[in-house]
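Source file: target_34.cif; contents: mmCIF, C-alpha atoms.
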```cif
data_data
loop_
_atom_site.group_PDB
_atom_site.id
_atom_site.type_symbol
_atom_site.label_atom_id
_atom_site.label_comp_id
_atom_site.auth_asym_id
_atom_site.auth_seq_id
_atom_site.Cartn_x
_atom_site.Cartn_y
_atom_site.Cartn_z
ATOM 1 C CA MET M 29 -44.727 -25.021 -23.387
ATOM 2 C CA THR M 30 -46.564 -21.900 -24.569
ATOM 3 C CA ALA M 31 -43.801 -19.750 -23.178
ATOM 4 C CA VAL M 32 -41.163 -21.776 -25.050
ATOM 5 C CA LEU M 33 -43.147 -21.430 -28.285
ATOM 6 C CA ALA M 34 -43.491 -17.716 -27.690
ATOM 7 C CA VAL M 35 -39.718 -17.391 -27.187
ATOM 8 C CA LEU M 36 -39.084 -19.421 -30.353
ATOM 9 C CA ALA M 37 -41.531 -17.279 -32.277
ATOM 10 C CA THR M 38 -39.775 -14.134 -31.030
ATOM 11 C CA LEU M 39 -36.403 -15.568 -32.028
ATOM 12 C CA ALA M 40 -37.774 -16.482 -35.462
ATOM 13 C CA ASP M 41 -39.123 -12.943 -35.881
ATOM 14 C CA ALA M 42 -35.748 -11.520 -34.863
ATOM 15 C CA ALA M 43 -33.972 -13.802 -37.343
ATOM 16 C CA ASP M 44 -36.383 -12.715 -40.109
ATOM 17 C CA ALA M 45 -35.757 -9.085 -39.240
ATOM 18 C CA ALA M 46 -31.986 -9.654 -39.346
ATOM 19 C CA VAL M 47 -32.210 -11.377 -42.736
ATOM 20 C CA ALA M 48 -34.384 -8.531 -44.055
ATOM 21 C CA ALA M 49 -31.877 -5.963 -42.752
ATOM 22 C CA ASP M 50 -28.993 -7.848 -44.387
ATOM 23 C CA ALA M 51 -30.948 -7.946 -47.662
ATOM 24 C CA ALA M 52 -31.585 -4.207 -47.411
ATOM 25 C CA VAL M 53 -27.852 -3.565 -46.866
ATOM 26 C CA ALA M 54 -27.007 -5.854 -49.794
ATOM 27 C CA THR M 55 -29.495 -4.025 -52.015
ATOM 28 C CA GLU M 56 -28.016 -0.723 -50.903
ATOM 29 C CA ASP M 57 -24.535 -2.070 -51.691
ATOM 30 C CA ARG M 58 -25.687 -3.202 -55.122
ATOM 31 C CA GLY M 59 -27.188 0.244 -55.715
ATOM 32 C CA PHE M 60 -23.910 1.891 -54.699
ATOM 33 C CA GLN M 61 -21.966 -0.477 -56.925
ATOM 34 C CA TRP M 62 -24.197 0.265 -59.909
ATOM 35 C CA ALA M 63 -23.907 4.006 -59.275
ATOM 36 C CA LEU M 64 -20.095 3.752 -59.407
ATOM 37 C CA VAL M 65 -20.158 1.449 -62.446
ATOM 38 C CA LEU M 66 -22.371 3.880 -64.362
ATOM 39 C CA ALA M 67 -20.322 6.893 -63.200
ATOM 40 C CA CYS M 68 -17.202 5.130 -64.443
ATOM 41 C CA TRP M 69 -18.594 4.402 -67.924
ATOM 42 C CA VAL M 70 -20.174 7.852 -68.267
ATOM 43 C CA ALA M 71 -16.931 9.600 -67.244
ATOM 44 C CA VAL M 72 -14.820 7.599 -69.706
ATOM 45 C CA LEU M 73 -17.217 7.897 -72.646
ATOM 46 C CA ALA M 74 -17.853 11.609 -71.983
ATOM 47 C CA ALA M 75 -14.098 12.328 -71.903
ATOM 48 C CA VAL M 76 -13.531 10.456 -75.165
ATOM 49 C CA ALA M 77 -16.529 12.146 -76.832
ATOM 50 C CA LEU M 78 -15.309 15.571 -75.695
ATOM 51 C CA VAL M 79 -11.852 14.951 -77.172
ATOM 52 C CA ALA M 80 -13.349 13.668 -80.438
ATOM 53 C CA VAL M 81 -15.691 16.662 -80.828
ATOM 54 C CA ARG M 82 -13.026 19.243 -79.912
ATOM 55 C CA SER M 83 -10.607 17.566 -82.288
ATOM 56 C CA ALA M 84 -13.118 17.614 -85.159
ATOM 57 C CA GLN M 85 -13.902 21.305 -84.524
ATOM 58 C CA ARG M 86 -10.230 22.259 -84.423
ATOM 59 C CA GLY M 87 -9.552 20.207 -87.553
ATOM 60 C CA ARG M 88 -12.310 22.034 -89.456
ATOM 61 C CA ARG M 89 -11.071 25.430 -88.263
ATOM 62 C CA LEU M 90 -7.474 24.679 -89.281
ATOM 63 C CA ALA M 91 -8.421 23.071 -92.602
ATOM 64 C CA ARG M 92 -10.148 26.292 -93.676
ATOM 65 C CA GLN M 93 -6.815 28.112 -93.414
ATOM 66 C CA ILE M 94 -4.881 25.657 -95.589
ATOM 67 C CA PRO M 95 -5.102 25.546 -99.412
ATOM 68 C CA GLU M 96 -6.971 22.455 -100.568
ATOM 69 C CA GLU M 97 -4.072 21.069 -102.607
ATOM 70 C CA GLN M 98 -1.965 20.877 -99.436
ATOM 71 C CA ARG M 99 -4.493 18.700 -97.619
ATOM 72 C CA ARG M 100 -5.660 16.522 -100.484
ATOM 73 C CA TRP M 101 -3.781 13.520 -99.022
ATOM 74 C CA MET M 102 -6.175 13.521 -96.071
ATOM 75 C CA MET I 9 -13.592 18.253 -100.894
ATOM 76 C CA ASN I 10 -12.494 17.576 -97.365
ATOM 77 C CA ASP I 11 -13.666 20.178 -94.836
ATOM 78 C CA GLY I 12 -11.833 18.802 -91.805
ATOM 79 C CA THR I 13 -9.792 15.828 -90.660
ATOM 80 C CA SER I 14 -12.300 13.166 -91.672
ATOM 81 C CA SER I 15 -12.121 11.001 -94.783
ATOM 82 C CA PRO I 16 -14.091 7.968 -96.047
ATOM 83 C CA GLY I 17 -11.667 5.707 -94.160
ATOM 84 C CA THR I 18 -12.063 7.513 -90.849
ATOM 85 C CA ARG I 19 -15.847 7.600 -91.256
ATOM 86 C CA VAL I 20 -15.915 3.808 -91.654
ATOM 87 C CA LEU I 21 -13.560 3.447 -88.676
ATOM 88 C CA GLY I 22 -15.714 5.827 -86.632
ATOM 89 C CA ALA I 23 -18.904 3.940 -87.492
ATOM 90 C CA LEU I 24 -17.278 0.606 -86.567
ATOM 91 C CA THR I 25 -16.087 2.095 -83.280
ATOM 92 C CA LEU I 26 -19.522 3.453 -82.394
ATOM 93 C CA ILE I 27 -21.262 0.162 -83.241
ATOM 94 C CA GLY I 28 -18.604 -1.744 -81.307
ATOM 95 C CA MET I 29 -19.014 0.563 -78.310
ATOM 96 C CA ALA I 30 -22.793 -0.003 -78.292
ATOM 97 C CA VAL I 31 -22.271 -3.797 -78.373
ATOM 98 C CA LEU I 32 -19.608 -3.514 -75.660
ATOM 99 C CA LEU I 33 -21.973 -1.511 -73.435
ATOM 100 C CA ALA I 34 -24.666 -4.168 -73.899
ATOM 101 C CA PHE I 35 -22.248 -6.933 -72.935
ATOM 102 C CA ALA I 36 -20.542 -5.040 -70.117
ATOM 103 C CA LEU I 37 -23.666 -3.713 -68.415
ATOM 104 C CA VAL I 38 -26.398 -6.217 -69.301
ATOM 105 C CA ILE I 39 -25.346 -9.548 -70.788
ATOM 106 C CA SER I 40 -22.223 -10.456 -68.793
ATOM 107 C CA PRO I 41 -22.895 -11.824 -65.302
ATOM 108 C CA ALA I 42 -21.931 -10.266 -61.988
ATOM 109 C CA ASP I 43 -18.791 -11.668 -60.384
ATOM 110 C CA GLU I 44 -18.996 -13.910 -57.296
ATOM 111 C CA THR I 45 -16.487 -11.811 -55.368
ATOM 112 C CA GLN I 46 -16.642 -8.379 -56.960
ATOM 113 C CA GLU I 47 -20.353 -8.529 -57.778
ATOM 114 C CA GLU I 48 -21.446 -5.660 -60.069
ATOM 115 C CA THR I 49 -18.167 -3.758 -59.846
ATOM 116 C CA VAL I 50 -16.595 -6.266 -62.217
ATOM 117 C CA ARG I 51 -18.325 -4.249 -64.971
ATOM 118 C CA MET I 52 -15.641 -1.585 -64.511
ATOM 119 C CA PHE I 53 -13.035 -4.174 -65.536
ATOM 120 C CA TYR I 54 -14.267 -3.985 -69.161
ATOM 121 C CA VAL I 55 -13.392 -0.300 -69.385
ATOM 122 C CA HIS I 56 -10.522 0.023 -66.888
ATOM 123 C CA VAL I 57 -8.196 -2.676 -68.231
ATOM 124 C CA PRO I 58 -8.683 -2.019 -71.987
ATOM 125 C CA THR I 59 -8.122 1.747 -71.571
ATOM 126 C CA ALA I 60 -4.968 1.050 -69.542
ATOM 127 C CA LEU I 61 -3.524 -1.469 -72.010
ATOM 128 C CA VAL I 62 -4.367 0.647 -75.068
ATOM 129 C CA ALA I 63 -2.818 3.702 -73.348
ATOM 130 C CA PHE I 64 0.366 1.684 -72.739
ATOM 131 C CA GLY I 65 0.353 0.690 -76.424
ATOM 132 C CA ALA I 66 -0.079 4.358 -77.360
ATOM 133 C CA PHE I 67 2.994 5.304 -75.325
ATOM 134 C CA PHE I 68 5.042 2.549 -76.953
ATOM 135 C CA LEU I 69 4.078 4.007 -80.333
ATOM 136 C CA THR I 70 5.209 7.424 -79.063
ATOM 137 C CA VAL I 71 8.557 5.896 -78.089
ATOM 138 C CA ALA I 72 8.908 4.153 -81.480
ATOM 139 C CA ALA I 73 7.963 7.330 -83.362
ATOM 140 C CA SER I 74 10.388 9.368 -81.222
ATOM 141 C CA VAL I 75 13.177 6.951 -82.148
ATOM 142 C CA GLY I 76 12.037 7.262 -85.782
ATOM 143 C CA TYR I 77 12.224 11.040 -85.548
ATOM 144 C CA LEU I 78 15.684 11.046 -83.947
ATOM 145 C CA LEU I 79 16.971 8.735 -86.697
ATOM 146 C CA ARG I 80 15.230 10.266 -89.728
ATOM 147 C CA ARG I 81 14.256 13.795 -88.626
ATOM 148 C CA SER I 82 10.990 13.383 -90.509
ATOM 149 C CA GLU I 83 7.974 15.507 -89.608
ATOM 150 C CA GLY I 84 5.670 12.479 -89.925
ATOM 151 C CA TRP I 85 7.387 10.648 -87.054
ATOM 152 C CA ASP I 86 7.247 13.745 -84.863
ATOM 153 C CA VAL I 87 3.543 14.283 -85.508
ATOM 154 C CA MET I 88 2.836 10.577 -84.974
ATOM 155 C CA ALA I 89 4.616 10.639 -81.595
ATOM 156 C CA GLY I 90 2.634 13.685 -80.461
ATOM 157 C CA ALA I 91 -0.725 12.367 -81.681
ATOM 158 C CA SER I 92 -0.246 8.994 -79.998
ATOM 159 C CA ALA I 93 0.783 10.624 -76.706
ATOM 160 C CA GLU I 94 -2.299 12.873 -76.764
ATOM 161 C CA VAL I 95 -4.693 9.959 -77.241
ATOM 162 C CA GLY I 96 -2.746 7.886 -74.710
ATOM 163 C CA ALA I 97 -3.052 10.692 -72.153
ATOM 164 C CA VAL I 98 -6.850 10.729 -72.551
ATOM 165 C CA LEU I 99 -7.024 6.944 -72.164
ATOM 166 C CA LEU I 100 -4.704 7.000 -69.147
ATOM 167 C CA ALA I 101 -6.862 9.687 -67.523
ATOM 168 C CA ALA I 102 -9.858 7.406 -68.147
ATOM 169 C CA THR I 103 -7.896 4.552 -66.528
ATOM 170 C CA LEU I 104 -7.143 6.658 -63.453
ATOM 171 C CA VAL I 105 -10.757 7.791 -63.051
ATOM 172 C CA SER I 106 -12.214 4.300 -63.537
ATOM 173 C CA GLY I 107 -9.563 2.860 -61.212
ATOM 174 C CA MET I 108 -10.370 5.380 -58.491
ATOM 175 C CA LEU I 109 -14.083 4.550 -58.673
ATOM 176 C CA TRP I 110 -13.301 0.839 -58.623
ATOM 177 C CA GLY I 111 -10.929 1.352 -55.682
ATOM 178 C CA ARG I 112 -13.624 3.180 -53.724
ATOM 179 C CA VAL I 113 -15.924 0.188 -53.812
ATOM 180 C CA THR I 114 -13.236 -2.519 -53.538
ATOM 181 C CA TRP I 115 -10.741 -0.999 -51.101
ATOM 182 C CA GLY I 116 -12.997 1.650 -49.517
ATOM 183 C CA VAL I 117 -10.788 4.530 -50.694
ATOM 184 C CA TYR I 118 -10.460 6.400 -53.969
ATOM 185 C CA TRP I 119 -6.696 6.551 -53.779
ATOM 186 C CA THR I 120 -3.835 4.828 -52.012
ATOM 187 C CA TRP I 121 -0.092 5.225 -52.593
ATOM 188 C CA ASP I 122 0.275 1.707 -53.924
ATOM 189 C CA ALA I 123 3.151 1.082 -56.396
ATOM 190 C CA ARG I 124 0.877 0.573 -59.418
ATOM 191 C CA LEU I 125 -1.288 3.616 -58.681
ATOM 192 C CA THR I 126 1.682 5.846 -57.907
ATOM 193 C CA LEU I 127 3.522 4.812 -61.069
ATOM 194 C CA THR I 128 0.364 5.360 -63.145
ATOM 195 C CA ALA I 129 0.024 8.867 -61.701
ATOM 196 C CA LEU I 130 3.714 9.527 -62.436
ATOM 197 C CA LEU I 131 3.289 8.227 -65.979
ATOM 198 C CA PHE I 132 0.343 10.586 -66.444
ATOM 199 C CA VAL I 133 2.395 13.553 -65.188
ATOM 200 C CA LEU I 134 5.252 12.508 -67.507
ATOM 201 C CA VAL I 135 2.900 12.448 -70.500
ATOM 202 C CA LEU I 136 1.548 15.882 -69.574
ATOM 203 C CA GLY I 137 5.152 17.082 -69.377
ATOM 204 C CA TYR I 138 5.872 15.597 -72.794
ATOM 205 C CA LEU I 139 2.818 17.359 -74.246
ATOM 206 C CA ALA I 140 3.931 20.622 -72.578
ATOM 207 C CA VAL I 141 7.374 20.283 -74.215
ATOM 208 C CA ARG I 142 5.624 19.934 -77.567
ATOM 209 C CA ARG I 143 4.022 23.375 -76.956
ATOM 210 C CA LEU I 144 7.272 25.175 -76.073
ATOM 211 C CA PRO I 145 7.764 28.354 -78.122
ATOM 212 C CA LEU I 146 10.948 27.125 -79.841
ATOM 213 C CA GLU I 147 12.046 26.648 -83.413
ATOM 214 C CA ARG I 148 10.173 23.556 -84.609
ATOM 215 C CA GLU I 149 13.146 21.258 -85.221
ATOM 216 C CA ARG I 150 14.616 22.012 -81.809
ATOM 217 C CA ARG I 151 11.255 21.514 -80.116
ATOM 218 C CA SER I 152 10.677 18.207 -81.937
ATOM 219 C CA ARG I 153 14.157 16.946 -80.993
ATOM 220 C CA LEU I 154 13.599 17.862 -77.359
ATOM 221 C CA ALA I 155 10.141 16.257 -77.372
ATOM 222 C CA ALA I 156 11.559 13.078 -78.937
ATOM 223 C CA VAL I 157 14.159 12.784 -76.167
ATOM 224 C CA VAL I 158 11.502 13.298 -73.468
ATOM 225 C CA GLY I 159 9.235 10.884 -75.357
ATOM 226 C CA LEU I 160 11.832 8.126 -74.950
ATOM 227 C CA LEU I 161 11.305 8.301 -71.167
ATOM 228 C CA LEU I 162 7.763 7.047 -71.660
ATOM 229 C CA GLY I 163 9.186 3.601 -72.520
ATOM 230 C CA PRO I 164 10.735 2.643 -69.160
ATOM 231 C CA ALA I 165 7.969 4.481 -67.276
ATOM 232 C CA THR I 166 5.294 2.433 -69.064
ATOM 233 C CA VAL I 167 7.158 -0.854 -68.521
ATOM 234 C CA ALA I 168 7.594 -0.090 -64.793
ATOM 235 C CA CYS I 169 3.923 0.809 -64.499
ATOM 236 C CA HIS I 170 2.811 -2.359 -66.288
ATOM 237 C CA TYR I 171 5.003 -4.696 -64.217
ATOM 238 C CA ALA I 172 4.508 -2.860 -60.896
ATOM 239 C CA THR I 173 2.202 -5.577 -59.567
ATOM 240 C CA THR I 174 4.795 -8.266 -60.390
ATOM 241 C CA TRP I 175 7.898 -6.437 -59.180
ATOM 242 C CA TRP I 176 6.452 -5.100 -55.922
ATOM 243 C CA ARG I 177 3.879 -6.221 -53.373
ATOM 244 C CA THR I 178 0.868 -4.142 -54.240
ATOM 245 C CA LEU I 179 -2.735 -3.729 -53.173
ATOM 246 C CA HIS I 180 -3.630 -3.582 -56.853
ATOM 247 C CA GLN I 181 -4.638 -6.867 -58.438
ATOM 248 C CA GLY I 182 -1.894 -8.657 -60.375
ATOM 249 C CA PRO I 183 -2.139 -10.189 -63.862
ATOM 250 C CA THR I 184 -5.570 -11.803 -64.325
ATOM 251 C CA ILE I 185 -5.927 -12.913 -67.921
ATOM 252 C CA THR I 186 -2.353 -13.982 -68.648
ATOM 253 C CA THR I 187 -1.851 -16.225 -65.616
ATOM 254 C CA ALA I 188 -1.846 -19.969 -66.268
ATOM 255 C CA ASP I 189 -4.573 -20.693 -63.701
ATOM 256 C CA ALA I 190 -6.879 -17.911 -64.902
ATOM 257 C CA LYS I 191 -10.482 -19.048 -64.479
ATOM 258 C CA MET I 192 -12.954 -16.647 -66.007
ATOM 259 C CA ASP I 193 -16.495 -17.024 -67.219
ATOM 260 C CA GLY I 194 -16.677 -17.303 -71.027
ATOM 261 C CA THR I 195 -18.974 -14.278 -71.409
ATOM 262 C CA MET I 196 -16.726 -12.202 -69.161
ATOM 263 C CA LEU I 197 -13.656 -13.181 -71.164
ATOM 264 C CA PHE I 198 -15.433 -12.392 -74.438
ATOM 265 C CA THR I 199 -16.550 -8.987 -73.082
ATOM 266 C CA PHE I 200 -12.987 -8.203 -72.046
ATOM 267 C CA PHE I 201 -11.575 -9.055 -75.483
ATOM 268 C CA LEU I 202 -14.401 -7.099 -77.127
ATOM 269 C CA GLY I 203 -13.386 -4.151 -74.931
ATOM 270 C CA MET I 204 -9.789 -4.491 -76.128
ATOM 271 C CA VAL I 205 -10.904 -4.472 -79.775
ATOM 272 C CA VAL I 206 -13.318 -1.543 -79.346
ATOM 273 C CA PHE I 207 -10.885 0.636 -77.382
ATOM 274 C CA GLY I 208 -8.188 -0.339 -79.904
ATOM 275 C CA LEU I 209 -10.414 0.890 -82.742
ATOM 276 C CA LEU I 210 -11.213 4.041 -80.773
ATOM 277 C CA TYR I 211 -7.487 4.679 -80.321
ATOM 278 C CA VAL I 212 -6.729 4.271 -84.043
ATOM 279 C CA TRP I 213 -9.668 6.506 -84.971
ATOM 280 C CA LEU I 214 -8.616 9.280 -82.571
ATOM 281 C CA LEU I 215 -4.963 8.822 -83.562
ATOM 282 C CA VAL I 216 -5.710 9.457 -87.245
ATOM 283 C CA HIS I 217 -7.717 12.580 -86.406
ATOM 284 C CA ARG I 218 -5.123 13.932 -83.963
ATOM 285 C CA PHE I 219 -2.340 13.206 -86.494
ATOM 286 C CA ARG I 220 -4.152 15.299 -89.076
ATOM 287 C CA VAL I 221 -4.912 18.108 -86.612
ATOM 288 C CA LEU I 222 -1.234 18.338 -85.585
ATOM 289 C CA TRP I 223 -0.139 18.228 -89.234
ATOM 290 C CA LEU I 224 -2.574 21.056 -90.049
ATOM 291 C CA GLU I 225 -1.232 23.036 -87.065
ATOM 292 C CA HIS I 226 2.251 22.745 -88.559
ATOM 293 C CA ARG I 227 0.989 23.945 -91.942
ATOM 294 C CA VAL I 228 -0.780 26.932 -90.357
ATOM 295 C CA GLU I 229 2.407 27.682 -88.421
ATOM 296 C CA ASP I 230 4.365 27.582 -91.716
ATOM 297 C CA LEU I 231 1.833 29.878 -93.400
ATOM 298 C CA GLY I 232 2.098 32.318 -90.487
ATOM 299 C CA LEU I 233 5.888 32.267 -90.790
ATOM 300 C CA ASP I 234 5.726 32.808 -94.567
ATOM 301 C CA GLU I 235 3.330 35.725 -94.000
ATOM 302 C CA ALA I 236 5.662 37.278 -91.428
ATOM 303 C CA ILE I 237 8.682 36.956 -93.777
ATOM 304 C CA ALA I 238 6.701 38.460 -96.679
ATOM 305 C CA GLU I 239 5.567 41.304 -94.408
ATOM 306 C CA ARG I 240 9.183 42.009 -93.364
ATOM 307 C CA ARG I 241 10.274 42.012 -97.024
ATOM 308 C CA ARG I 242 7.512 44.461 -97.914
ATOM 309 C CA GLU I 243 8.575 46.692 -95.029
ATOM 310 C CA ALA I 244 12.245 46.493 -96.133
ATOM 311 C CA VAL I 245 11.328 47.452 -99.728
ATOM 312 C CA GLY I 246 9.193 50.329 -98.397
ATOM 313 C CA VAL I 247 12.107 51.685 -96.297
ATOM 314 C CA SER I 248 14.671 51.505 -99.114
#
```

Can the structure in the file be given as structure tokens, please?
Amino acid sequence: MTAVLAVLATLADAADAAVAADAAVATEDRGFQWALVLACWVAVLAAVALVAVRSAQRGRRLARQIPEEQRRWM
Amino acid sequence: MNDGTSSPGTRVLGALTLIGMAVLLAFALVISPADETQEETVRMFYVHVPTALVAFGAFFLTVAASVGYLLRRSEGWDVMAGASAEVGAVLLAATLVSGMLWGRVTWGVYWTWDARLTLTALLFVLVLGYLAVRRLPLERERRSRLAAVVGLLLGPATVACHYATTWWRTLHQGPTITTADAKMDGTMLFTFFLGMVVFGLLYVWLLVHRFRVLWLEHRVEDLGLDEAIAERRREAVGVS
């Protein structure tokens, strides 16, 4: 009887360890997913911000070369 | 006095876009729930799909403006076509990058030669080609006419790209929102539509700025030409 209980206890420990390992993998997966999600948003927003800033700089540089009356409509 | 391409209207539009983007980030990354199947990666949906759809819209505007230019030969249509293609190219690049990251976690690879992905890459190359044509060192009217003809190709290319998942068997997910049996959490649906509005505003804001930049480039080009003609005249008078 003691031996059976010992085997059951061992099996229960093994099951706990397996569940814990699965949870660790899941957490790792979640971490990987979040890393890609954040990389995705950062890449898109950084690209858009870069275009907006470069566009504003170029606009200012060009506007200086044009007489004001020609760009009053803007 | 205006010292660049901004105006009161664009400042209001810019402020609305920035506020909208902050709200969208809150919904996309915090408030909306994780998906049962896709878990956290569903948060890429709120940037990937809106950028793709707005980019497609941008290319349709390029096609419409190209037709407008070929019919009317007006500089406004030409500049509009170029500005819309530029912004569309940025949004399509964003779509490709977000799609590759999403693919890595969903399919296990960044890229596969699936019909939708291949056609999106081809569309991107076509847009880059169109933008290259707009930079050709030709007389402006000839260059604009050539660009307008190339711009027309964006129409069928965009349609093929959009319907690729319907016309062919693809690894890429098919229509999600427009299908009759679409079942989506209310917050997720709201976040998606918010994304469409915010990226739509962003497109209009960038479009106005790029339109003005291109228009200013034309004016500077004209001034340079006038200067060169005046210089030649002065030289001719000096010789005689």

Legend entry - d(atom CA of Ser152 of chain I, atom CA of Val98 of chain I) in Å: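 Atom CA of Val98 of chain I lies at a distance of 21.2 Å from atom CA of Ser152 of chain I.
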
Inset, instruction - May I ask for the distance between atom CA of Arg80 of chain I and atom CA of Ala236 of chain I, given in Å to one decimal place? - result: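 Those two atoms sit 28.7 Å apart.
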
Legend entry - Test item: chain I residues at most 6 Å from chain M, counting all atoms listed in the file, as a list of chain:residue names: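 The answer, sorted by residue number, is I:Asp11, I:Gly12, I:Thr13, I:Thr49, I:Met52, I:Ala102, I:Ser106, I:Val221.
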
Inset, instruction - Apply the PyMOL selection byres ((chain I and resi 211-213) around 7) to the file shown and report the selected residues as a list of chain:residue names. - result: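 With the PyMOL selection byres ((chain I and resi 211-213) around 7) on this model, the match is I:Thr18, I:Leu21, I:Gly22, I:Val95, I:Phe207, I:Gly208, I:Leu209, I:Leu210, I:Leu214, I:Leu215, I:Val216, I:His217.
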
Legend entry - Among listed residues I:Thr173, I:Thr199, I:Trp85, I:Ser14, nearest Val31 of chain I (using all atoms listed in the file): I:Thr199

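Selection result for the displayed file, with the PyMOL selection byres ((chain I and resi 76) around 12) as criterion, is Leu69, Thr70, Val71, Ala72, Ala73, Ser74, Val75, Tyr77, Leu78, Leu79, Arg80, Arg81, Ser82, Glu83, Gly84, Trp85, Asp86, Val87, Met88, Ala89, Ser152, Arg153, Ala156, Val157, Gly159 and Leu160 of chain I.
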
Legend entry - Neighbour list for segment 124-130 of chain I as number ranges by chain, cut-off 8 Å, all atoms listed in the file, skip fewer than 5 positions in-chain: I: 104, 119, 165, 168-170, 172-173, 178, 180

Kindly list the centre and edge lengths in Å, rounded to one decimal, for the axis-aligned box that covers all listed atoms of segment 37-55 of chain I plus 4 Å on each of its six sides, as JSON.
```
{"center_x": -19.7, "center_y": -7.1, "center_z": -63.1, "size_x": 21.4, "size_y": 21.6, "size_z": 23.4}
```

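Atom pair atom CA of Leu179 of chain I / atom CA of Asp122 of chain I has a distance of 6.3 Å (rounded to one decimal).
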
Inset, instruction - Find the residues around Phe68 of chain I up to 8 Å (only C-alpha atoms counted), leave out those fewer than 5 positions away in its own chain, and share them as a list of chain:residue names. - result: I:Leu162, I:Gly163, I:Thr166

Store the residues of this selection in a file with C-alpha atoms, as a PDB file, in the frame of the given file.
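Writing done, so here's part-v9.pdb:
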```pdb
ATOM      1  CA  LEU I 162       7.763   7.047 -71.660  1.00  0.00           C
ATOM      2  CA  GLY I 163       9.186   3.601 -72.520  1.00  0.00           C
ATOM      3  CA  THR I 166       5.294   2.433 -69.064  1.00  0.00           C
TER       4      THR I 166
END
```

Under the PyMOL selection byres ((chain I and resi 137) around 12), which residues of this model are included? Write them out as a PDB file with C-alpha atoms, in the coordinates of the input.
```pdb
ATOM      1  CA  GLY I  90       2.634  13.685 -80.461  1.00  0.00           C
ATOM      2  CA  ALA I  93       0.783  10.624 -76.706  1.00  0.00           C
ATOM      3  CA  GLU I  94      -2.299  12.873 -76.764  1.00  0.00           C
ATOM      4  CA  ALA I  97      -3.052  10.692 -72.153  1.00  0.00           C
ATOM      5  CA  LEU I 130       3.714   9.527 -62.436  1.00  0.00           C
ATOM      6  CA  LEU I 131       3.289   8.227 -65.979  1.00  0.00           C
ATOM      7  CA  PHE I 132       0.343  10.586 -66.444  1.00  0.00           C
ATOM      8  CA  VAL I 133       2.395  13.553 -65.188  1.00  0.00           C
ATOM      9  CA  LEU I 134       5.252  12.508 -67.507  1.00  0.00           C
ATOM     10  CA  VAL I 135       2.900  12.448 -70.500  1.00  0.00           C
ATOM     11  CA  LEU I 136       1.548  15.882 -69.574  1.00  0.00           C
ATOM     12  CA  TYR I 138       5.872  15.597 -72.794  1.00  0.00           C
ATOM     13  CA  LEU I 139       2.818  17.359 -74.246  1.00  0.00           C
ATOM     14  CA  ALA I 140       3.931  20.622 -72.578  1.00  0.00           C
ATOM     15  CA  VAL I 141       7.374  20.283 -74.215  1.00  0.00           C
ATOM     16  CA  ARG I 142       5.624  19.934 -77.567  1.00  0.00           C
ATOM     17  CA  ARG I 143       4.022  23.375 -76.956  1.00  0.00           C
ATOM     18  CA  LEU I 144       7.272  25.175 -76.073  1.00  0.00           C
ATOM     19  CA  LEU I 154      13.599  17.862 -77.359  1.00  0.00           C
ATOM     20  CA  ALA I 155      10.141  16.257 -77.372  1.00  0.00           C
ATOM     21  CA  VAL I 158      11.502  13.298 -73.468  1.00  0.00           C
ATOM     22  CA  GLY I 159       9.235  10.884 -75.357  1.00  0.00           C
ATOM     23  CA  LEU I 161      11.305   8.301 -71.167  1.00  0.00           C
ATOM     24  CA  LEU I 162       7.763   7.047 -71.660  1.00  0.00           C
TER      25      LEU I 162
END
```
